[in-house]
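Visitor: Provided herewith: structure01.txt, compact mmCIF, C-alpha atoms.
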```txt
# COMPACT_ATOMS: atom_id res chain seq x y z
CA MET A 1 141.14 37.28 41.96
CA LYS A 2 140.41 38.02 38.31
CA LYS A 3 136.86 36.68 38.72
CA ARG A 4 136.31 39.02 41.69
CA MET A 5 137.59 41.99 39.72
CA ARG A 6 135.33 41.15 36.77
CA LEU A 7 132.35 40.76 39.07
CA SER A 8 133.14 44.10 40.70
CA VAL A 9 133.35 45.82 37.31
CA VAL A 10 130.03 44.31 36.20
CA ILE A 11 128.31 45.36 39.44
CA SER A 12 129.73 48.89 39.23
CA ALA A 13 128.63 49.26 35.62
CA THR A 14 125.15 47.99 36.48
CA VAL A 15 124.80 50.39 39.41
CA LEU A 16 126.04 53.30 37.30
CA SER A 17 123.64 52.42 34.48
CA PHE A 18 120.75 52.14 36.91
CA GLY A 19 121.63 55.47 38.47
CA LEU A 20 121.75 57.25 35.12
CA THR A 21 118.53 55.62 33.92
CA GLY A 22 116.80 56.34 37.22
CA GLY A 23 117.89 59.97 37.09
CA ALA A 24 116.59 60.40 33.54
CA GLN A 25 113.28 58.75 34.43
CA SER A 26 112.95 60.98 37.48
CA GLN A 27 113.48 64.11 35.38
CA GLN A 28 110.90 62.97 32.85
CA ALA A 29 108.46 62.24 35.67
CA ASP A 30 108.92 65.87 36.79
CA MET A 31 108.59 67.19 33.23
CA THR A 32 105.85 69.79 32.71
CA PHE A 33 106.67 70.98 29.18
CA PHE A 34 107.63 69.31 25.93
CA ILE A 35 107.35 69.54 22.18
CA THR A 36 105.62 66.57 20.60
CA SER A 37 108.08 64.13 19.06
CA ALA A 38 105.53 63.63 16.29
CA GLY A 39 102.11 64.91 15.37
CA PRO A 40 99.08 62.71 14.63
CA GLY A 41 100.25 62.62 11.01
CA LYS A 42 97.29 64.38 9.40
CA GLY A 43 98.84 67.81 9.03
CA ALA A 44 97.05 70.39 11.15
CA ASP A 45 94.01 68.15 11.61
CA LEU A 46 94.62 67.30 15.26
CA GLY A 47 91.07 66.32 16.03
CA GLY A 48 90.38 69.75 17.48
CA LEU A 49 91.63 70.80 20.91
CA ALA A 50 90.38 67.57 22.45
CA GLY A 51 92.39 65.48 20.01
CA ALA A 52 95.51 67.60 20.52
CA ASP A 53 95.20 67.34 24.30
CA ALA A 54 94.79 63.58 24.05
CA HIS A 55 97.93 63.38 21.92
CA CYS A 56 99.89 65.32 24.56
CA GLN A 57 98.53 63.04 27.28
CA SER A 58 99.40 59.88 25.34
CA LEU A 59 102.98 60.96 24.66
CA ALA A 60 103.44 62.04 28.28
CA GLN A 61 102.06 58.71 29.49
CA ALA A 62 104.53 56.80 27.35
CA ALA A 63 107.36 58.93 28.76
CA GLY A 64 106.37 58.24 32.37
CA SER A 65 104.72 61.58 33.05
CA GLY A 66 101.08 60.72 32.49
CA ASN A 67 100.01 61.49 36.06
CA LYS A 68 99.47 65.14 35.09
CA THR A 69 96.78 66.83 33.04
CA TRP A 70 98.39 67.86 29.76
CA ARG A 71 97.14 70.56 27.42
CA ALA A 72 98.21 71.55 23.92
CA TYR A 73 99.34 75.15 23.51
CA LEU A 74 96.82 76.03 20.80
CA SER A 75 94.31 78.82 20.29
CA THR A 76 91.04 78.44 18.39
CA ASN A 77 89.14 80.94 16.29
CA GLY A 78 85.75 82.45 17.10
CA ARG A 79 84.37 82.14 13.59
CA GLY A 80 80.67 81.48 13.19
CA GLY A 81 79.91 82.87 16.62
CA ALA A 82 81.93 80.21 18.46
CA ASN A 83 83.86 81.18 21.56
CA ALA A 84 87.52 81.75 20.81
CA VAL A 85 90.05 79.98 23.04
CA ASN A 86 93.40 81.48 23.99
CA ALA A 87 96.35 79.11 24.25
CA ARG A 88 97.68 80.99 27.29
CA ASP A 89 94.46 80.28 29.21
CA ARG A 90 94.70 76.49 28.76
CA ILE A 91 98.05 75.65 30.30
CA GLY A 92 97.82 76.48 34.00
CA ASN A 93 100.01 78.89 35.93
CA GLY A 94 103.50 77.38 35.75
CA PRO A 95 106.34 77.05 36.37
CA TRP A 96 107.19 74.60 33.60
CA GLN A 97 110.31 72.56 32.99
CA ASN A 98 111.49 70.32 30.18
CA ALA A 99 112.57 66.68 30.41
CA LYS A 100 116.08 67.74 31.47
CA GLY A 101 114.82 69.84 34.35
CA VAL A 102 115.41 73.24 32.70
CA VAL A 103 112.72 75.75 33.74
CA ILE A 104 111.51 77.32 30.51
CA ALA A 105 109.15 79.79 32.22
CA THR A 106 108.02 80.55 35.76
CA SER A 107 104.55 81.88 34.92
CA VAL A 108 102.21 82.70 32.04
CA ALA A 109 103.57 86.25 31.97
CA ASP A 110 107.15 84.99 31.95
CA LEU A 111 106.34 82.54 29.16
CA HIS A 112 105.07 85.37 26.97
CA SER A 113 108.03 87.63 27.67
CA ASP A 114 111.49 87.73 26.11
CA ASN A 115 112.75 86.07 29.29
CA ASN A 116 111.38 82.60 28.54
CA LYS A 117 113.93 79.86 27.89
CA ILE A 118 112.35 78.23 24.85
CA GLU A 119 115.28 78.02 22.44
CA LYS A 120 117.33 75.48 20.52
CA ALA A 121 119.05 73.98 23.58
CA ASN A 122 115.78 73.52 25.45
CA ALA A 123 113.51 72.50 22.57
CA LEU A 124 113.10 68.92 23.76
CA ASP A 125 110.43 66.34 23.09
CA GLU A 126 108.76 64.16 25.73
CA LYS A 127 111.67 61.72 25.59
CA GLY A 128 114.19 64.43 26.38
CA GLN A 129 115.49 64.43 22.80
CA PRO A 130 116.10 67.69 20.91
CA ILE A 131 113.83 68.29 17.95
CA LYS A 132 115.44 69.07 14.62
CA VAL A 133 115.74 72.83 14.07
CA ARG A 134 117.53 75.21 11.67
CA GLY A 135 120.86 73.68 10.76
CA ASP A 136 119.53 70.13 11.15
CA THR A 137 118.14 67.90 8.42
CA PRO A 138 115.23 68.03 8.12
CA ASN A 139 114.35 71.29 9.83
CA MET A 140 111.23 70.87 12.00
CA HIS A 141 111.29 74.09 14.00
CA ASP A 142 107.83 75.29 12.87
CA ILE A 143 105.40 74.65 15.74
CA LEU A 144 101.61 74.87 15.42
CA THR A 145 100.08 77.49 17.76
CA GLY A 146 97.31 79.47 16.03
CA SER A 147 98.20 82.25 18.45
CA ASP A 148 99.53 85.78 18.49
CA LYS A 149 102.71 86.64 20.39
CA ASP A 150 100.75 87.01 23.63
CA GLY A 151 99.20 83.56 23.29
CA ARG A 152 95.76 84.80 22.30
CA ALA A 153 93.41 83.92 19.46
CA PHE A 154 93.27 86.11 16.37
CA PRO A 155 90.03 87.98 15.48
CA PRO A 156 87.16 85.88 14.01
CA ASN A 157 87.88 87.13 10.49
CA MET A 158 91.43 85.71 10.67
CA ASP A 159 91.30 81.93 10.84
CA LEU A 160 94.94 80.99 11.47
CA THR A 161 94.02 77.68 13.10
CA CYS A 162 93.33 75.40 10.12
CA GLN A 163 89.61 75.47 10.91
CA ASN A 164 90.22 75.03 14.61
CA TRP A 165 92.63 72.14 14.09
CA THR A 166 90.31 70.02 11.95
CA SER A 167 91.72 70.65 8.45
CA SER A 168 94.47 68.74 6.70
CA GLY A 169 94.00 70.61 3.44
CA SER A 170 92.75 74.15 2.94
CA GLY A 171 93.47 76.99 5.33
CA VAL A 172 96.58 78.18 7.19
CA ALA A 173 97.95 78.06 10.71
CA MET A 174 100.11 80.43 12.70
CA LEU A 175 103.44 78.83 13.55
CA GLY A 176 106.19 79.57 16.04
CA HIS A 177 109.91 78.80 15.88
CA ALA A 178 111.01 76.43 18.64
CA ASP A 179 114.63 77.55 18.24
CA ARG A 180 113.68 81.22 17.96
CA ALA A 181 115.62 81.47 14.72
CA GLY A 182 114.53 82.44 11.24
CA SER A 183 115.84 83.41 7.84
CA PRO A 184 117.62 86.77 7.73
CA PRO A 185 115.65 89.59 6.07
CA VAL A 186 116.17 90.18 2.37
CA ALA A 187 118.63 92.97 1.63
CA GLY A 188 116.83 96.30 1.46
CA SER A 189 113.80 95.06 3.42
CA GLN A 190 111.79 97.59 5.36
CA ASN A 191 111.60 97.43 9.16
CA VAL A 192 114.36 94.85 9.63
CA GLU A 193 114.05 94.98 13.42
CA ALA A 194 110.38 93.99 13.36
CA TYR A 195 111.09 91.25 10.81
CA THR A 196 113.85 89.79 12.95
CA ALA A 197 111.73 89.87 16.11
CA THR A 198 108.92 88.02 14.34
CA ALA A 199 111.27 85.40 12.88
CA ARG A 200 112.57 84.73 16.40
CA SER A 201 109.13 84.30 17.93
CA TRP A 202 108.52 80.93 19.61
CA ASN A 203 104.75 81.17 19.05
CA ALA A 204 103.95 83.63 16.22
CA ALA A 205 106.65 83.63 13.54
CA HIS A 206 104.69 83.10 10.31
CA THR A 207 101.79 81.21 8.76
CA SER A 208 101.90 77.84 7.01
CA ARG A 209 101.37 77.32 3.28
CA SER A 210 98.30 75.24 4.00
CA CYS A 211 97.13 72.70 6.57
CA SER A 212 98.44 69.59 4.81
CA GLN A 213 101.31 67.51 6.15
CA PRO A 214 103.42 68.02 2.98
CA ASP A 215 103.01 71.80 3.18
CA LEU A 216 103.83 71.89 6.89
CA ILE A 217 106.99 69.94 6.13
CA ALA A 218 107.88 72.15 3.16
CA THR A 219 108.07 75.29 5.29
CA GLY A 220 110.22 73.72 8.01
CA GLY A 221 107.85 71.81 10.25
CA ASN A 222 106.27 68.43 10.86
CA GLY A 223 102.93 69.16 12.51
CA LEU A 224 104.48 69.41 15.97
CA PHE A 225 103.05 71.43 18.87
CA TYR A 226 103.82 72.44 22.45
CA CYS A 227 102.40 70.53 25.41
CA PHE A 228 102.16 71.93 28.96
CA ALA A 229 101.10 70.33 32.22
CA ALA A 230 98.18 72.45 33.44
CA GLN A 231 99.27 72.73 37.06
```
What does this structure look like when you write it as structure tokens?

Guide:
Amino acid sequence: MKKRMRLSVVISATVLSFGLTGGAQSQQADMTFFITSAGPGKGADLGGLAGADAHCQSLAQAAGSGNKTWRAYLSTNGRGGANAVNARDRIGNGPWQNAKGVVIATSVADLHSDNNKIEKANALDEKGQPIKVRGDTPNMHDILTGSDKDGRAFPPNMDLTCQNWTSSGSGVAMLGHADRAGSPPVAGSQNVEAYTATARSWNAAHTSRSCSQPDLIATGGNGLFYCFAAQ
């Protein structure tokens, strides 16, 4: 009798474990948005847009969602007569959901509105794990975008893309806050409302110190970026 009970418990536990694992894998297979769990490790030198896209694709593949075409949410600068690229034009039409099935935006317009659901609770990597944000150690909420708040490239005279994602030294990049949280304004600051809105921007909060990995880390990042399935 005891043997039967033990066998029943083992079978039940196995079925439950399989069900939970299967459910998690199914959600990740349906995932269409994530934040990279790690960058390539060379600061903002991502190997250009092609290298960044390949990094998204590789991470998605490892997570069981490689059957989609993944694109990095990054803009490039039109310096030297090159054609600028807008991040918003690279990622398809939506909707997009994270590894837990939470829809973070229904369309490009929704993504670039205050209605999007990119915030601390939904800032997940490709494995479905939350990234470290304000209040965590270390803070990694700075996300590379090179974009303005509407997801577009800055003018050619403003290179905020670390030389179009090829520099790991000189230059700067525009960063967003994955948790939409930032430091409170200094007492007596002018235009507190505008300051607060910028600090809470998921894609255009502030610029980096430089393009190096140490400087990205120093300001609260780790060379991470957003990846979207271009569907």

Visitor: In Å, how far is it from atom CA of A:Asn98 to atom CA of A:Lys132?

Guide: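 Atom-to-atom, atom CA of A:Asn98 to atom CA of A:Lys132, that is 16.1 Å.
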
Visitor: Please provide the set of residues having any atom within 10 Å of stretch 122-127 of chain A, restricted to only C-alpha atoms, with same-chain residues fewer than 5 positions apart removed, written as a PyMOL selection string.

Guide: chain A and resi 24-25+28+31-38+56+59-65+97-104+117+132-133+141+177-180+224-227

Visitor: Give as a PyMOL selection string the set of residues within 7 Å of the point (90.5, 83.5, 21.5), where distances use the file's coordinates and only C-alpha atoms.

Guide: chain A and resi 75-78+84-86+152-154

Visitor: Given the choices A:Gly220, A:Gly169, A:Gly94, A:Gly80, which gets closest to A:Asn116 if the distance is worked out from all atoms listed in the file?

Guide: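 Using all atoms listed in the file, A:Asn116 sits closest to A:Gly94.
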
Visitor: Just the number, please: distance in Å from atom CA of A:Gly221 to atom CA of A:Trp96, one decimal.

Guide: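 Computing the Euclidean distance for atom CA of A:Gly221 and atom CA of A:Trp96 yields 23.5 Å.
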
Visitor: What's around A:Thr219 at 8 Å? Count all atoms listed in the file, leave out sequence neighbours fewer than 5 positions away in its own chain, and write the answer as a list of chain:residue names.

Guide: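 Contacts, in chain order: A:Asp142, A:Ser208, A:Arg209.
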
Visitor: What is the distance between atom CA of A:Thr145 and atom CA of A:Gly81, in Å to one decimal?

Guide: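 We find that atom CA of A:Thr145 and atom CA of A:Gly81 lie 20.9 Å from each other.
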
Visitor: I need the residue nearest A:Ser168 from this list: A:Ala229, A:Leu111, A:Ala121, A:Leu216. Use all atoms listed in the file for the distance.

Guide: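 Closest residue, counting all atoms listed in the file: A:Leu216.
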
Visitor: Within 8 Å of (101.8, 78.4, 19.4) (file coordinates; only C-alpha atoms), which protein or nucleic acid residues are there? I'd like them as a PDB file with C-alpha atoms, keeping the file's coordinate frame.

Guide:
```pdb
ATOM      1  CA  TYR A  73      99.340  75.150  23.510  1.00  0.00           C
ATOM      2  CA  LEU A  74      96.820  76.030  20.800  1.00  0.00           C
ATOM      3  CA  SER A  75      94.310  78.820  20.290  1.00  0.00           C
ATOM      4  CA  ALA A  87      96.350  79.110  24.250  1.00  0.00           C
ATOM      5  CA  ILE A 143     105.400  74.650  15.740  1.00  0.00           C
ATOM      6  CA  LEU A 144     101.610  74.870  15.420  1.00  0.00           C
ATOM      7  CA  THR A 145     100.080  77.490  17.760  1.00  0.00           C
ATOM      8  CA  GLY A 146      97.310  79.470  16.030  1.00  0.00           C
ATOM      9  CA  SER A 147      98.200  82.250  18.450  1.00  0.00           C
ATOM     10  CA  ASP A 148      99.530  85.780  18.490  1.00  0.00           C
ATOM     11  CA  GLY A 151      99.200  83.560  23.290  1.00  0.00           C
ATOM     12  CA  MET A 174     100.110  80.430  12.700  1.00  0.00           C
ATOM     13  CA  LEU A 175     103.440  78.830  13.550  1.00  0.00           C
ATOM     14  CA  GLY A 176     106.190  79.570  16.040  1.00  0.00           C
ATOM     15  CA  TRP A 202     108.520  80.930  19.610  1.00  0.00           C
ATOM     16  CA  ASN A 203     104.750  81.170  19.050  1.00  0.00           C
ATOM     17  CA  ALA A 204     103.950  83.630  16.220  1.00  0.00           C
ATOM     18  CA  PHE A 225     103.050  71.430  18.870  1.00  0.00           C
ATOM     19  CA  TYR A 226     103.820  72.440  22.450  1.00  0.00           C
TER      20      TYR A 226
END
```

Visitor: For stretch 84-108 of chain A, where the input has fewer atoms than it should, I would like N, CA and C atoms rebuilt and written as a compact mmCIF listing (two decimals), in the frame of the given file.

Guide:
```txt
# COMPACT_ATOMS: atom_id res chain seq x y z
N ALA A 84 86.09 81.93 21.06
CA ALA A 84 87.52 81.75 20.81
C ALA A 84 88.18 81.23 22.08
N VAL A 85 89.27 80.49 21.91
CA VAL A 85 90.05 79.98 23.04
C VAL A 85 91.48 80.47 22.90
N ASN A 86 92.02 81.02 23.98
CA ASN A 86 93.40 81.48 23.99
C ASN A 86 94.33 80.39 24.53
N ALA A 87 95.40 80.13 23.81
CA ALA A 87 96.35 79.11 24.25
C ALA A 87 96.85 79.38 25.66
N ARG A 88 97.11 80.63 25.99
CA ARG A 88 97.68 80.99 27.29
C ARG A 88 96.74 80.66 28.45
N ASP A 89 95.44 80.54 28.15
CA ASP A 89 94.46 80.28 29.21
C ASP A 89 94.27 78.78 29.46
N ARG A 90 94.94 77.94 28.68
CA ARG A 90 94.70 76.49 28.76
C ARG A 90 95.75 75.74 29.57
N ILE A 91 96.87 76.40 29.88
CA ILE A 91 98.05 75.65 30.30
C ILE A 91 98.41 75.78 31.78
N GLY A 92 97.53 76.34 32.58
CA GLY A 92 97.82 76.48 34.00
C GLY A 92 98.66 77.70 34.29
N ASN A 93 99.30 77.70 35.45
CA ASN A 93 100.01 78.89 35.93
C ASN A 93 101.53 78.77 35.92
N GLY A 94 102.06 77.57 35.72
CA GLY A 94 103.50 77.38 35.75
C GLY A 94 103.99 77.20 37.18
N PRO A 95 105.29 77.05 37.40
CA PRO A 95 106.34 77.05 36.37
C PRO A 95 106.34 75.75 35.57
N TRP A 96 107.09 75.78 34.46
CA TRP A 96 107.19 74.60 33.60
C TRP A 96 108.65 74.27 33.31
N GLN A 97 108.95 72.99 33.30
CA GLN A 97 110.31 72.56 32.99
C GLN A 97 110.31 71.44 31.97
N ASN A 98 111.39 71.37 31.19
CA ASN A 98 111.49 70.32 30.18
C ASN A 98 112.00 69.01 30.77
N ALA A 99 112.20 68.02 29.94
CA ALA A 99 112.57 66.68 30.41
C ALA A 99 113.96 66.63 31.04
N LYS A 100 114.76 67.67 30.85
CA LYS A 100 116.08 67.74 31.47
C LYS A 100 116.09 68.58 32.73
N GLY A 101 114.92 69.07 33.12
CA GLY A 101 114.82 69.84 34.35
C GLY A 101 115.05 71.33 34.18
N VAL A 102 115.21 71.81 32.95
CA VAL A 102 115.41 73.24 32.70
C VAL A 102 114.07 73.96 32.76
N VAL A 103 113.96 74.96 33.62
CA VAL A 103 112.72 75.75 33.74
C VAL A 103 112.64 76.69 32.55
N ILE A 104 111.63 76.49 31.71
CA ILE A 104 111.51 77.32 30.51
C ILE A 104 110.69 78.59 30.77
N ALA A 105 109.89 78.59 31.83
CA ALA A 105 109.15 79.79 32.22
C ALA A 105 108.58 79.58 33.62
N THR A 106 108.51 80.65 34.39
CA THR A 106 108.02 80.55 35.76
C THR A 106 106.53 80.86 35.89
N SER A 107 105.97 81.49 34.87
CA SER A 107 104.55 81.88 34.92
C SER A 107 104.07 82.15 33.50
N VAL A 108 102.77 82.38 33.36
CA VAL A 108 102.21 82.70 32.04
C VAL A 108 102.82 83.99 31.51
```
